[in-house]
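Have a look at the structure below, then the notes.
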Amino acid sequence: MLGIVLDWLKGVPKEYVVMIVAALPIAELRGSIPLALSLGMSPAKALWLSIIGNMSFVIPALFLLEPVSNYLSRFTIFKRFFDWQFARTRKKAQAIQKYEALALIFFVAIPLPMTGAWTGVFAASLFKVRFRWALCAIFTGVLIAGCIVLILSTLGVSSWKAMRG
């Protein structure tokens with residue numbers, strides 16, 4: 001799927017491609033940082049463009065997720081999607097209900113599939129975390145995840161170059 005998106009973005013400046021990939025729920029910065037590094041960007045530029053892209057949807061999503069999901073849930077196909085997404089988030093985010101923003105930071109910061117800013121927005125909405133706490137927690141988690149992914153990606157690129165000679 002990411003390959004299809006990258007094909008659509010041919011001819012778009014690489015900085016915008018990185019930010020768009022970072023904003024996608026399928027990739028987020030876990031995909032955009034390695035992409036940026038493979039496009040020859042410096043690690044610092046890769047990190048900041050990825051954070052900007054990953055955070056670009058968070059404020060509108062925090063405001064709009066609940067009213068939009070309530071409205072769209074009147075239609076069967078959307079109701080199934082939102083029920084599935086909220087159930088999946090509920091399973092993965094039990095600690096958020098108890099520890100709110102602190103747990104949300106760690107939930108977003110873990111660079112694994114099905115965690116990240118998108119799922120963090122769903123968890124914040126589901127557990128009614130206040131906007132400013134949710135925004136700060138998601139940003140902090142994205143920053144931590146970005147640093148982890150950058151370190152792992154940089155180590156991977158260095159190892160790969162060393163193996164090639």
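Each chain in the structure tokens gets a letter, A, B, ..., in the order shown, and its residues are numbered from 1; ligands are numbered from 1 in order too.
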
Next on the checklist: Quick one: residues within 12 Å of A:Ile151, only C-alpha atoms, excluding same-chain residues fewer than 4 positions away - as an NGL selection string?
Outcome noted: :A and (30 or 33-34 or 37 or 43-44 or 46-47 or 111 or 144-147 or 155-158)

Export, as a compact mmCIF listing (two decimals), in the first residue's frame, the selected residues with N, CA and C atoms.
```
# COMPACT_ATOMS: atom_id res chain seq x y z
N ARG A 30 7.28 5.83 11.58
CA ARG A 30 8.00 4.56 11.51
C ARG A 30 8.37 4.22 10.07
N ILE A 33 10.71 8.13 8.49
CA ILE A 33 12.12 8.36 8.83
C ILE A 33 13.04 7.49 7.98
N PRO A 34 12.80 6.18 7.90
CA PRO A 34 13.66 5.39 7.00
C PRO A 34 13.57 5.86 5.54
N LEU A 37 15.72 9.01 5.19
CA LEU A 37 17.14 8.66 5.18
C LEU A 37 17.53 8.03 3.84
N PRO A 43 19.79 13.08 9.23
CA PRO A 43 18.95 12.54 10.30
C PRO A 43 18.07 13.60 10.97
N ALA A 44 18.61 14.79 11.22
CA ALA A 44 17.83 15.84 11.88
C ALA A 44 16.65 16.27 11.00
N ALA A 46 15.22 14.49 8.63
CA ALA A 46 14.29 13.34 8.57
C ALA A 46 13.40 13.32 9.80
N LEU A 47 13.99 13.55 10.98
CA LEU A 47 13.23 13.52 12.23
C LEU A 47 12.19 14.64 12.27
N PRO A 111 7.37 2.26 19.19
CA PRO A 111 7.32 2.19 17.72
C PRO A 111 7.00 0.79 17.20
N ILE A 144 9.43 10.91 21.16
CA ILE A 144 10.19 9.76 21.66
C ILE A 144 10.26 8.67 20.59
N ALA A 145 9.12 8.35 19.98
CA ALA A 145 9.11 7.32 18.93
C ALA A 145 10.02 7.73 17.77
N GLY A 146 9.98 9.01 17.41
CA GLY A 146 10.84 9.49 16.32
C GLY A 146 12.30 9.29 16.64
N CYS A 147 12.70 9.58 17.86
CA CYS A 147 14.11 9.39 18.26
C CYS A 147 14.49 7.91 18.22
N LEU A 155 21.38 3.24 12.79
CA LEU A 155 22.22 2.06 13.05
C LEU A 155 22.09 1.04 11.92
N GLY A 156 20.86 0.88 11.43
CA GLY A 156 20.64 -0.06 10.32
C GLY A 156 21.34 0.38 9.05
N VAL A 157 21.28 1.66 8.73
CA VAL A 157 21.96 2.18 7.53
C VAL A 157 23.46 2.04 7.68
N SER A 158 23.99 2.35 8.87
CA SER A 158 25.42 2.23 9.12
C SER A 158 25.89 0.78 8.98
```

Checklist entry - Could you name the residues that touch stretch 15-17 of chain A at 9 Å or less, counting only C-alpha atoms, but leaving out those on the same chain fewer than 4 positions away, as a PyMOL selection string? => result chain A and resi 6+9-10+21-22+32+36+41+45-46+49+53

Item to check | Nearest residue to A:Arg88 from the set A:Met114, A:Ala137, A:Ile105, A:Ala27 (distances using only C-alpha atoms) | outcome: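 Smallest separation from A:Arg88 among the options: A:Met114.
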
Item to check | Distance query A:Ala134 at most 9 Å, only C-alpha atoms, self and fewer than 6 positions along chain excluded, as a ChimeraX atom specification | outcome: /A:62,100-101,104-105,120-121,124-125
